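Below is one structure, written out as structure tokens; comments come after it.
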2 protein chains.
Amino acid sequence: MISTKGRYSIRILLDLAENQTSGYVPLKEVASRQEISLKYVERILPVLKEAGLIDSVHGKGGGYKLRKSPEECSLWEILRLTEGDLAPVACLKEGADPCNKAAECRTLSVWQGYYDMTIDYFSKISIADLMKNKPSSDYII
Amino acid sequence: MISTKGRYSIRILLDLAENQTSGYVPLKEVASRQEISLKYVERILPVLKEAGLIDSVHGKGGGYKLRKSPEECSLWEILRLTEGDLAPVACLKEGADPCNKAAECRTLSVWQGYYDMTIDYFSKISIADLMKNKPSSDYII
DNA sequence: AAACAACCTATTAACAAAGTAGTTTAGTAG
DNA sequence: CTACTAAACTACTTTGTTAATAGGTTGTTT
């Protein structure tokens, strides 16, 4: 399961992308548009800033803005930062001590295959792709 | 993350498949071969029995055995039973109340695509496939 | 009847997710 | 220079899940 941390991060970056101005967008606006607690948003963002996905400015007129273009920002990059990694089993996690049964493990290749597929899937989707996902009028009742 | 419940279940069924006899295999042997606590194995199996994957017999000479052939037993079937479902987000879980933002949600299709891919991946792998995954001699040092 | 193995119920410790609260620091506008 | 604003930091709480463990009961076979 993808936790709120990862899902919210995607929505927040998407919000920043869709509401870009020449300046900075304060979190207050993002939180209110996305209906996420401001305090929780504040908790989530620092890691995205550290990684260079966003820039921030303190004080009046300050806020956040995207540092990269929406095209360059893949969901895999966001999820890896916020969810740690998406390894389906402990022995494939980054920095895990190597399993001494790996050589005889019948299921390792299954998990590895799934993990590779997961990385590939999310790597190929960018924030820009999500922007194209405008709601279809088919859905309007 | 796939929890121990799902991973152990796969290993247990694989163990039953590889150690089939004309009769029944007691859990004591499975647990000891797989190095899983007997008590924990006992907790996990009932759901697999209910679903008709395995048969059991009480008492002396009793134990478990596969009901289906290893070819008919897909990992998806096992994981769905033991992990609930593998929906990456709450709104795709079985029996979830429909999200009222679904029509305007920019990310739903991403999660749905990932979920479809997940089901497809695990559906195409059977216990019989895992039996073929014999450890390669390349790994022996 | 004795041995054996599945079955059932309750309890526990450990951990992570999700969010809240309050304070501090930094930058801008007047 | 001062007031305002918004990010940044720290600590806490609540809730739920995972991964077991413990002990007793029921049902079969020899």
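Labels used: A, B, ... for chains in the order of the structure tokens, numbers from 1 for residues in each chain, and numbers from 1 for ligands as shown.
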
Could you pull the residues within 12 Å of range 47-49 of chain B, counting only C-alpha atoms (C1' of nucleotides), minus those fewer than 2 positions along the same chain, as number ranges by chain? B: 5-6, 8-10, 12-13, 41-45, 51-57, 63-68, 73, 77-84; C: 6-7

Please report as JSON lines every residue of chain A lying within 7 Å of chain B, along with the nearest atom pair and their distance in Å (one decimal), using only C-alpha atoms.
```
{"residue": "A:Met1", "atom": "CA", "partner": "B:Pro88", "partner_atom": "CA", "distance": 4.3}
{"residue": "A:Ile2", "atom": "CA", "partner": "B:Pro88", "partner_atom": "CA", "distance": 5.5}
{"residue": "A:Ala87", "atom": "CA", "partner": "B:Met1", "partner_atom": "CA", "distance": 6.7}
{"residue": "A:Pro88", "atom": "CA", "partner": "B:Met1", "partner_atom": "CA", "distance": 4.3}
{"residue": "A:Val89", "atom": "CA", "partner": "B:Met1", "partner_atom": "CA", "distance": 5.9}
{"residue": "A:Ala103", "atom": "CA", "partner": "B:Tyr139", "partner_atom": "CA", "distance": 5.8}
{"residue": "A:Glu104", "atom": "CA", "partner": "B:Pro135", "partner_atom": "CA", "distance": 4.9}
{"residue": "A:Arg106", "atom": "CA", "partner": "B:Asn133", "partner_atom": "CA", "distance": 5.5}
{"residue": "A:Thr107", "atom": "CA", "partner": "B:Leu130", "partner_atom": "CA", "distance": 6.8}
{"residue": "A:Leu130", "atom": "CA", "partner": "B:Arg106", "partner_atom": "CA", "distance": 5.9}
{"residue": "A:Asn133", "atom": "CA", "partner": "B:Arg106", "partner_atom": "CA", "distance": 5.5}
{"residue": "A:Lys134", "atom": "CA", "partner": "B:Arg106", "partner_atom": "CA", "distance": 6.8}
{"residue": "A:Pro135", "atom": "CA", "partner": "B:Glu104", "partner_atom": "CA", "distance": 4.9}
{"residue": "A:Tyr139", "atom": "CA", "partner": "B:Ala103", "partner_atom": "CA", "distance": 5.8}
```

So that I can check the secondary structure, give me every residue of chain B assigned strand (DSSP E or B) by backbone DSSP, as a PyMOL selection string. chain B and resi 25+54-57+63-66+74+126

Using only N, CA and C atoms, please write the residues we just selected to a file, as a PDB file, in the first residue's frame.
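Result file is selection-v3.pdb:
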```pdb
ATOM      1  N   VAL B  25       0.865 -34.641   4.936  1.00  0.00           N
ATOM      2  CA  VAL B  25       2.110 -34.163   5.539  1.00  0.00           C
ATOM      3  C   VAL B  25       1.781 -33.340   6.788  1.00  0.00           C
ATOM      4  N   ILE B  54      -6.166 -26.570  -0.016  1.00  0.00           N
ATOM      5  CA  ILE B  54      -5.565 -27.721   0.657  1.00  0.00           C
ATOM      6  C   ILE B  54      -6.624 -28.537   1.385  1.00  0.00           C
ATOM      7  N   ASP B  55      -6.281 -29.815   1.629  1.00  0.00           N
ATOM      8  CA  ASP B  55      -7.120 -30.718   2.411  1.00  0.00           C
ATOM      9  C   ASP B  55      -6.399 -31.048   3.694  1.00  0.00           C
ATOM     10  N   SER B  56      -7.169 -31.379   4.728  1.00  0.00           N
ATOM     11  CA  SER B  56      -6.529 -31.742   5.984  1.00  0.00           C
ATOM     12  C   SER B  56      -7.198 -32.939   6.623  1.00  0.00           C
ATOM     13  N   VAL B  57      -6.427 -33.647   7.431  1.00  0.00           N
ATOM     14  CA  VAL B  57      -6.958 -34.767   8.204  1.00  0.00           C
ATOM     15  C   VAL B  57      -6.388 -34.696   9.606  1.00  0.00           C
ATOM     16  N   GLY B  63      -2.557 -34.576   8.584  1.00  0.00           N
ATOM     17  CA  GLY B  63      -1.758 -33.439   8.130  1.00  0.00           C
ATOM     18  C   GLY B  63      -2.469 -32.733   6.993  1.00  0.00           C
ATOM     19  N   TYR B  64      -1.676 -32.135   6.120  1.00  0.00           N
ATOM     20  CA  TYR B  64      -2.245 -31.398   4.995  1.00  0.00           C
ATOM     21  C   TYR B  64      -1.735 -31.959   3.679  1.00  0.00           C
ATOM     22  N   LYS B  65      -2.478 -31.719   2.639  1.00  0.00           N
ATOM     23  CA  LYS B  65      -1.952 -31.936   1.286  1.00  0.00           C
ATOM     24  C   LYS B  65      -2.648 -30.999   0.315  1.00  0.00           C
ATOM     25  N   LEU B  66      -1.975 -30.751  -0.799  1.00  0.00           N
ATOM     26  CA  LEU B  66      -2.565 -29.886  -1.824  1.00  0.00           C
ATOM     27  C   LEU B  66      -3.814 -30.533  -2.391  1.00  0.00           C
ATOM     28  N   SER B  74      -2.177 -20.331  -8.428  1.00  0.00           N
ATOM     29  CA  SER B  74      -1.431 -19.109  -8.764  1.00  0.00           C
ATOM     30  C   SER B  74      -1.078 -18.316  -7.508  1.00  0.00           C
ATOM     31  N   SER B 126       2.651 -19.698 -11.038  1.00  0.00           N
ATOM     32  CA  SER B 126       2.035 -20.752 -10.240  1.00  0.00           C
ATOM     33  C   SER B 126       3.071 -21.402  -9.327  1.00  0.00           C
TER      34      SER B 126
END
```

Would you list the contacts of range 12-25 of chain C as an NGL selection string, taking every protein, DNA or RNA residue within 9 Å and counting only C-alpha atoms (C1' of nucleotides), but skipping same-chain residues closer than 5 positions in sequence? (:A and (3-5 or 37 or 39-40)) or (:D and (7-18 or 20-21))

Contacts from chain B to chain D, 6 Å maximum, only C-alpha atoms (C1' of nucleotides): show me the residue list as a PyMOL selection string. chain B and resi 58-60

Enumerate the residues of chain A with a DSSP assignment of alpha helix (DSSP H), computed from the backbone, and present them as a PDB file with N, CA and C atoms, in the first residue's frame.
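Okay, this is what ended up in part.pdb:
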```
ATOM      1  N   THR A   4      -0.346   7.764   2.757  1.00  0.00           N
ATOM      2  CA  THR A   4      -0.768   9.135   2.454  1.00  0.00           C
ATOM      3  C   THR A   4       0.424  10.023   2.120  1.00  0.00           C
ATOM      4  N   LYS A   5       1.542   9.723   2.755  1.00  0.00           N
ATOM      5  CA  LYS A   5       2.729  10.546   2.534  1.00  0.00           C
ATOM      6  C   LYS A   5       3.089  10.598   1.043  1.00  0.00           C
ATOM      7  N   GLY A   6       3.121   9.464   0.417  1.00  0.00           N
ATOM      8  CA  GLY A   6       3.444   9.400  -0.998  1.00  0.00           C
ATOM      9  C   GLY A   6       2.335   9.961  -1.862  1.00  0.00           C
ATOM     10  N   ARG A   7       1.104   9.630  -1.518  1.00  0.00           N
ATOM     11  CA  ARG A   7      -0.023  10.081  -2.335  1.00  0.00           C
ATOM     12  C   ARG A   7      -0.188  11.579  -2.230  1.00  0.00           C
ATOM     13  N   TYR A   8      -0.104  12.090  -1.025  1.00  0.00           N
ATOM     14  CA  TYR A   8      -0.213  13.541  -0.839  1.00  0.00           C
ATOM     15  C   TYR A   8       0.915  14.267  -1.567  1.00  0.00           C
ATOM     16  N   SER A   9       2.111  13.718  -1.504  1.00  0.00           N
ATOM     17  CA  SER A   9       3.241  14.371  -2.160  1.00  0.00           C
ATOM     18  C   SER A   9       2.981  14.544  -3.644  1.00  0.00           C
ATOM     19  N   ILE A  10       2.455  13.506  -4.245  1.00  0.00           N
ATOM     20  CA  ILE A  10       2.147  13.594  -5.673  1.00  0.00           C
ATOM     21  C   ILE A  10       1.110  14.683  -5.920  1.00  0.00           C
ATOM     22  N   ARG A  11       0.074  14.703  -5.104  1.00  0.00           N
ATOM     23  CA  ARG A  11      -0.982  15.700  -5.282  1.00  0.00           C
ATOM     24  C   ARG A  11      -0.449  17.103  -5.055  1.00  0.00           C
ATOM     25  N   ILE A  12       0.434  17.249  -4.094  1.00  0.00           N
ATOM     26  CA  ILE A  12       0.978  18.570  -3.791  1.00  0.00           C
ATOM     27  C   ILE A  12       1.842  19.078  -4.948  1.00  0.00           C
ATOM     28  N   LEU A  13       2.688  18.209  -5.466  1.00  0.00           N
ATOM     29  CA  LEU A  13       3.526  18.618  -6.587  1.00  0.00           C
ATOM     30  C   LEU A  13       2.682  18.910  -7.820  1.00  0.00           C
ATOM     31  N   LEU A  14       1.649  18.110  -7.999  1.00  0.00           N
ATOM     32  CA  LEU A  14       0.735  18.353  -9.117  1.00  0.00           C
ATOM     33  C   LEU A  14       0.040  19.701  -8.947  1.00  0.00           C
ATOM     34  N   ASP A  15      -0.324  19.999  -7.720  1.00  0.00           N
ATOM     35  CA  ASP A  15      -0.959  21.282  -7.425  1.00  0.00           C
ATOM     36  C   ASP A  15      -0.009  22.441  -7.714  1.00  0.00           C
ATOM     37  N   LEU A  16       1.235  22.273  -7.306  1.00  0.00           N
ATOM     38  CA  LEU A  16       2.227  23.316  -7.585  1.00  0.00           C
ATOM     39  C   LEU A  16       2.418  23.496  -9.085  1.00  0.00           C
ATOM     40  N   ALA A  17       2.404  22.390  -9.801  1.00  0.00           N
ATOM     41  CA  ALA A  17       2.596  22.462 -11.250  1.00  0.00           C
ATOM     42  C   ALA A  17       1.435  23.171 -11.934  1.00  0.00           C
ATOM     43  N   GLU A  18       0.238  22.913 -11.446  1.00  0.00           N
ATOM     44  CA  GLU A  18      -0.945  23.484 -12.100  1.00  0.00           C
ATOM     45  C   GLU A  18      -1.223  24.909 -11.669  1.00  0.00           C
ATOM     46  N   LEU A  27       2.038  27.304   1.198  1.00  0.00           N
ATOM     47  CA  LEU A  27       1.430  26.000   1.485  1.00  0.00           C
ATOM     48  C   LEU A  27      -0.027  26.116   1.903  1.00  0.00           C
ATOM     49  N   LYS A  28      -0.333  27.229   2.519  1.00  0.00           N
ATOM     50  CA  LYS A  28      -1.696  27.451   2.967  1.00  0.00           C
ATOM     51  C   LYS A  28      -2.685  27.232   1.831  1.00  0.00           C
ATOM     52  N   GLU A  29      -2.342  27.789   0.672  1.00  0.00           N
ATOM     53  CA  GLU A  29      -3.222  27.652  -0.492  1.00  0.00           C
ATOM     54  C   GLU A  29      -3.281  26.209  -0.988  1.00  0.00           C
ATOM     55  N   VAL A  30      -2.097  25.598  -1.044  1.00  0.00           N
ATOM     56  CA  VAL A  30      -2.039  24.216  -1.523  1.00  0.00           C
ATOM     57  C   VAL A  30      -2.850  23.318  -0.600  1.00  0.00           C
ATOM     58  N   ALA A  31      -2.640  23.473   0.693  1.00  0.00           N
ATOM     59  CA  ALA A  31      -3.317  22.627   1.668  1.00  0.00           C
ATOM     60  C   ALA A  31      -4.826  22.799   1.569  1.00  0.00           C
ATOM     61  N   SER A  32      -5.242  24.027   1.391  1.00  0.00           N
ATOM     62  CA  SER A  32      -6.681  24.273   1.334  1.00  0.00           C
ATOM     63  C   SER A  32      -7.281  23.713   0.052  1.00  0.00           C
ATOM     64  N   ARG A  33      -6.600  23.898  -1.068  1.00  0.00           N
ATOM     65  CA  ARG A  33      -7.095  23.332  -2.329  1.00  0.00           C
ATOM     66  C   ARG A  33      -7.158  21.814  -2.262  1.00  0.00           C
ATOM     67  N   GLN A  34      -6.145  21.216  -1.679  1.00  0.00           N
ATOM     68  CA  GLN A  34      -6.056  19.757  -1.660  1.00  0.00           C
ATOM     69  C   GLN A  34      -6.763  19.152  -0.454  1.00  0.00           C
ATOM     70  N   LEU A  38      -2.701  21.682   6.891  1.00  0.00           N
ATOM     71  CA  LEU A  38      -1.499  22.459   6.623  1.00  0.00           C
ATOM     72  C   LEU A  38      -0.295  21.901   7.363  1.00  0.00           C
ATOM     73  N   LYS A  39      -0.520  21.547   8.617  1.00  0.00           N
ATOM     74  CA  LYS A  39       0.576  21.036   9.436  1.00  0.00           C
ATOM     75  C   LYS A  39       1.171  19.755   8.862  1.00  0.00           C
ATOM     76  N   TYR A  40       0.301  18.927   8.327  1.00  0.00           N
ATOM     77  CA  TYR A  40       0.772  17.660   7.766  1.00  0.00           C
ATOM     78  C   TYR A  40       1.537  17.902   6.465  1.00  0.00           C
ATOM     79  N   VAL A  41       1.069  18.833   5.689  1.00  0.00           N
ATOM     80  CA  VAL A  41       1.778  19.190   4.456  1.00  0.00           C
ATOM     81  C   VAL A  41       3.181  19.689   4.795  1.00  0.00           C
ATOM     82  N   GLU A  42       3.256  20.522   5.824  1.00  0.00           N
ATOM     83  CA  GLU A  42       4.559  21.061   6.240  1.00  0.00           C
ATOM     84  C   GLU A  42       5.536  19.945   6.621  1.00  0.00           C
ATOM     85  N   ARG A  43       4.997  18.885   7.200  1.00  0.00           N
ATOM     86  CA  ARG A  43       5.820  17.752   7.613  1.00  0.00           C
ATOM     87  C   ARG A  43       6.398  16.998   6.435  1.00  0.00           C
ATOM     88  N   ILE A  44       5.610  16.941   5.380  1.00  0.00           N
ATOM     89  CA  ILE A  44       5.950  16.068   4.258  1.00  0.00           C
ATOM     90  C   ILE A  44       6.989  16.700   3.337  1.00  0.00           C
ATOM     91  N   PRO A  46       9.738  18.809   3.476  1.00  0.00           N
ATOM     92  CA  PRO A  46      11.192  18.994   3.578  1.00  0.00           C
ATOM     93  C   PRO A  46      12.013  17.998   2.770  1.00  0.00           C
ATOM     94  N   VAL A  47      11.593  16.742   2.748  1.00  0.00           N
ATOM     95  CA  VAL A  47      12.378  15.738   2.031  1.00  0.00           C
ATOM     96  C   VAL A  47      12.390  16.005   0.526  1.00  0.00           C
ATOM     97  N   LEU A  48      11.288  16.568   0.031  1.00  0.00           N
ATOM     98  CA  LEU A  48      11.224  16.879  -1.398  1.00  0.00           C
ATOM     99  C   LEU A  48      12.112  18.076  -1.728  1.00  0.00           C
ATOM    100  N   LYS A  49      12.257  18.958  -0.741  1.00  0.00           N
ATOM    101  CA  LYS A  49      13.121  20.107  -0.954  1.00  0.00           C
ATOM    102  C   LYS A  49      14.593  19.675  -0.942  1.00  0.00           C
ATOM    103  N   GLU A  50      14.927  18.875   0.049  1.00  0.00           N
ATOM    104  CA  GLU A  50      16.292  18.352   0.151  1.00  0.00           C
ATOM    105  C   GLU A  50      16.739  17.692  -1.151  1.00  0.00           C
ATOM    106  N   LEU A  75       6.968   9.920 -11.013  1.00  0.00           N
ATOM    107  CA  LEU A  75       6.319   9.426  -9.794  1.00  0.00           C
ATOM    108  C   LEU A  75       7.250   8.528  -9.002  1.00  0.00           C
ATOM    109  N   TRP A  76       8.101   7.802  -9.690  1.00  0.00           N
ATOM    110  CA  TRP A  76       9.028   6.935  -8.979  1.00  0.00           C
ATOM    111  C   TRP A  76       9.962   7.751  -8.086  1.00  0.00           C
ATOM    112  N   GLU A  77      10.432   8.869  -8.625  1.00  0.00           N
ATOM    113  CA  GLU A  77      11.312   9.745  -7.850  1.00  0.00           C
ATOM    114  C   GLU A  77      10.607  10.233  -6.580  1.00  0.00           C
ATOM    115  N   ILE A  78       9.360  10.629  -6.739  1.00  0.00           N
ATOM    116  CA  ILE A  78       8.592  11.133  -5.601  1.00  0.00           C
ATOM    117  C   ILE A  78       8.336  10.026  -4.588  1.00  0.00           C
ATOM    118  N   LEU A  79       7.930   8.875  -5.086  1.00  0.00           N
ATOM    119  CA  LEU A  79       7.582   7.777  -4.181  1.00  0.00           C
ATOM    120  C   LEU A  79       8.796   7.235  -3.445  1.00  0.00           C
ATOM    121  N   ARG A  80       9.911   7.186  -4.136  1.00  0.00           N
ATOM    122  CA  ARG A  80      11.127   6.686  -3.481  1.00  0.00           C
ATOM    123  C   ARG A  80      11.513   7.604  -2.322  1.00  0.00           C
ATOM    124  N   LEU A  81      11.333   8.883  -2.525  1.00  0.00           N
ATOM    125  CA  LEU A  81      11.685   9.830  -1.471  1.00  0.00           C
ATOM    126  C   LEU A  81      10.745   9.749  -0.273  1.00  0.00           C
ATOM    127  N   THR A  82       9.466   9.595  -0.563  1.00  0.00           N
ATOM    128  CA  THR A  82       8.484   9.687   0.519  1.00  0.00           C
ATOM    129  C   THR A  82       8.127   8.341   1.127  1.00  0.00           C
ATOM    130  N   GLU A  83       8.227   7.291   0.354  1.00  0.00           N
ATOM    131  CA  GLU A  83       7.852   5.964   0.861  1.00  0.00           C
ATOM    132  C   GLU A  83       9.085   5.119   1.202  1.00  0.00           C
ATOM    133  N   LEU A 108      12.705 -15.422  -4.577  1.00  0.00           N
ATOM    134  CA  LEU A 108      13.404 -14.138  -4.733  1.00  0.00           C
ATOM    135  C   LEU A 108      13.214 -13.537  -6.116  1.00  0.00           C
ATOM    136  N   SER A 109      13.332 -14.384  -7.135  1.00  0.00           N
ATOM    137  CA  SER A 109      13.214 -13.859  -8.498  1.00  0.00           C
ATOM    138  C   SER A 109      11.813 -13.312  -8.762  1.00  0.00           C
ATOM    139  N   VAL A 110      10.828 -13.882  -8.092  1.00  0.00           N
ATOM    140  CA  VAL A 110       9.460 -13.385  -8.237  1.00  0.00           C
ATOM    141  C   VAL A 110       9.346 -11.974  -7.683  1.00  0.00           C
ATOM    142  N   TRP A 111       9.882 -11.779  -6.481  1.00  0.00           N
ATOM    143  CA  TRP A 111       9.813 -10.452  -5.861  1.00  0.00           C
ATOM    144  C   TRP A 111      10.673  -9.448  -6.634  1.00  0.00           C
ATOM    145  N   GLN A 112      11.819  -9.904  -7.085  1.00  0.00           N
ATOM    146  CA  GLN A 112      12.693  -9.018  -7.854  1.00  0.00           C
ATOM    147  C   GLN A 112      12.004  -8.577  -9.141  1.00  0.00           C
ATOM    148  N   GLY A 113      11.341  -9.511  -9.787  1.00  0.00           N
ATOM    149  CA  GLY A 113      10.629  -9.188 -11.021  1.00  0.00           C
ATOM    150  C   GLY A 113       9.524  -8.184 -10.780  1.00  0.00           C
ATOM    151  N   TYR A 114       8.829  -8.370  -9.682  1.00  0.00           N
ATOM    152  CA  TYR A 114       7.736  -7.462  -9.342  1.00  0.00           C
ATOM    153  C   TYR A 114       8.272  -6.070  -9.026  1.00  0.00           C
ATOM    154  N   TYR A 115       9.373  -6.056  -8.311  1.00  0.00           N
ATOM    155  CA  TYR A 115       9.992  -4.778  -7.952  1.00  0.00           C
ATOM    156  C   TYR A 115      10.463  -4.033  -9.196  1.00  0.00           C
ATOM    157  N   ASP A 116      11.131  -4.733 -10.088  1.00  0.00           N
ATOM    158  CA  ASP A 116      11.603  -4.119 -11.338  1.00  0.00           C
ATOM    159  C   ASP A 116      10.427  -3.517 -12.109  1.00  0.00           C
ATOM    160  N   MET A 117       9.342  -4.279 -12.142  1.00  0.00           N
ATOM    161  CA  MET A 117       8.157  -3.842 -12.870  1.00  0.00           C
ATOM    162  C   MET A 117       7.565  -2.585 -12.235  1.00  0.00           C
ATOM    163  N   THR A 118       7.569  -2.566 -10.916  1.00  0.00           N
ATOM    164  CA  THR A 118       7.049  -1.426 -10.165  1.00  0.00           C
ATOM    165  C   THR A 118       7.848  -0.157 -10.463  1.00  0.00           C
ATOM    166  N   ILE A 119       9.166  -0.282 -10.387  1.00  0.00           N
ATOM    167  CA  ILE A 119      10.030   0.866 -10.656  1.00  0.00           C
ATOM    168  C   ILE A 119       9.808   1.370 -12.073  1.00  0.00           C
ATOM    169  N   ASP A 120       9.744   0.423 -13.000  1.00  0.00           N
ATOM    170  CA  ASP A 120       9.559   0.783 -14.394  1.00  0.00           C
ATOM    171  C   ASP A 120       8.232   1.517 -14.601  1.00  0.00           C
ATOM    172  N   TYR A 121       7.198   0.995 -13.977  1.00  0.00           N
ATOM    173  CA  TYR A 121       5.867   1.580 -14.154  1.00  0.00           C
ATOM    174  C   TYR A 121       5.836   3.035 -13.697  1.00  0.00           C
ATOM    175  N   PHE A 122       6.304   3.273 -12.491  1.00  0.00           N
ATOM    176  CA  PHE A 122       6.213   4.625 -11.945  1.00  0.00           C
ATOM    177  C   PHE A 122       7.253   5.579 -12.546  1.00  0.00           C
ATOM    178  N   SER A 123       8.350   5.023 -13.019  1.00  0.00           N
ATOM    179  CA  SER A 123       9.363   5.870 -13.653  1.00  0.00           C
ATOM    180  C   SER A 123       8.847   6.490 -14.943  1.00  0.00           C
ATOM    181  N   ILE A 127       4.716  14.033 -13.535  1.00  0.00           N
ATOM    182  CA  ILE A 127       3.696  14.994 -13.113  1.00  0.00           C
ATOM    183  C   ILE A 127       2.994  15.595 -14.337  1.00  0.00           C
ATOM    184  N   ALA A 128       3.759  15.819 -15.382  1.00  0.00           N
ATOM    185  CA  ALA A 128       3.168  16.377 -16.608  1.00  0.00           C
ATOM    186  C   ALA A 128       2.097  15.446 -17.175  1.00  0.00           C
ATOM    187  N   ASP A 129       2.337  14.133 -17.071  1.00  0.00           N
ATOM    188  CA  ASP A 129       1.330  13.179 -17.555  1.00  0.00           C
ATOM    189  C   ASP A 129       0.033  13.307 -16.762  1.00  0.00           C
ATOM    190  N   LEU A 130       0.181  13.520 -15.475  1.00  0.00           N
ATOM    191  CA  LEU A 130      -1.018  13.641 -14.636  1.00  0.00           C
ATOM    192  C   LEU A 130      -1.808  14.895 -14.986  1.00  0.00           C
ATOM    193  N   MET A 131      -1.095  15.928 -15.387  1.00  0.00           N
ATOM    194  CA  MET A 131      -1.775  17.175 -15.747  1.00  0.00           C
ATOM    195  C   MET A 131      -2.686  16.964 -16.949  1.00  0.00           C
ATOM    196  N   LYS A 132      -2.297  16.015 -17.796  1.00  0.00           N
ATOM    197  CA  LYS A 132      -3.125  15.733 -18.981  1.00  0.00           C
ATOM    198  C   LYS A 132      -4.400  14.987 -18.608  1.00  0.00           C
TER     199      LYS A 132
END
```

Starting from chain C, keep only residues with some atom at most 6 Å from an atom of chain A, counting only C-alpha atoms (C1' of nucleotides), and report them as a VMD selection string. chain C and resid 26 to 28

Take the residues from that selection and put them in a file with N, CA and C atoms (P, O5', C5', C4', C3', O3' and C1' of nucleotides), as a PDB file, in the first residue's frame.
```pdb
ATOM      1  P    DA C  26      17.854  31.307  11.012  1.00  0.00           P
ATOM      2  O5'  DA C  26      17.066  31.891   9.767  1.00  0.00           O
ATOM      3  C5'  DA C  26      16.478  30.985   8.832  1.00  0.00           C
ATOM      4  C4'  DA C  26      15.542  31.755   7.928  1.00  0.00           C
ATOM      5  C3'  DA C  26      16.161  32.996   7.289  1.00  0.00           C
ATOM      6  O3'  DA C  26      15.905  32.914   5.903  1.00  0.00           O
ATOM      7  C1'  DA C  26      14.067  33.510   8.239  1.00  0.00           C
ATOM      8  P    DG C  27      16.891  33.599   4.844  1.00  0.00           P
ATOM      9  O5'  DG C  27      15.922  34.640   4.131  1.00  0.00           O
ATOM     10  C5'  DG C  27      14.801  34.137   3.428  1.00  0.00           C
ATOM     11  C4'  DG C  27      13.688  35.157   3.464  1.00  0.00           C
ATOM     12  C3'  DG C  27      14.018  36.489   2.807  1.00  0.00           C
ATOM     13  O3'  DG C  27      13.234  36.567   1.634  1.00  0.00           O
ATOM     14  C1'  DG C  27      12.739  36.756   4.795  1.00  0.00           C
ATOM     15  P    DT C  28      13.446  37.754   0.554  1.00  0.00           P
ATOM     16  O5'  DT C  28      12.163  38.654   0.846  1.00  0.00           O
ATOM     17  C5'  DT C  28      10.871  38.058   0.777  1.00  0.00           C
ATOM     18  C4'  DT C  28       9.815  39.063   1.184  1.00  0.00           C
ATOM     19  C3'  DT C  28       9.960  40.435   0.523  1.00  0.00           C
ATOM     20  O3'  DT C  28       8.716  40.774  -0.068  1.00  0.00           O
ATOM     21  C1'  DT C  28       9.717  40.663   2.878  1.00  0.00           C
TER      22       DT C  28
END
```

Students should find that CA of Lys101 in chain A and CA of Asn19 in chain B are spaced 19.5 Å

Separation of CA of Pro26 in chain A from CA of Ser69 in chain A in Å: 18.8 Å

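A straight line drawn from CA of Glu35 in chain B to CA of Asp97 in chain A is 19.0 Å long.
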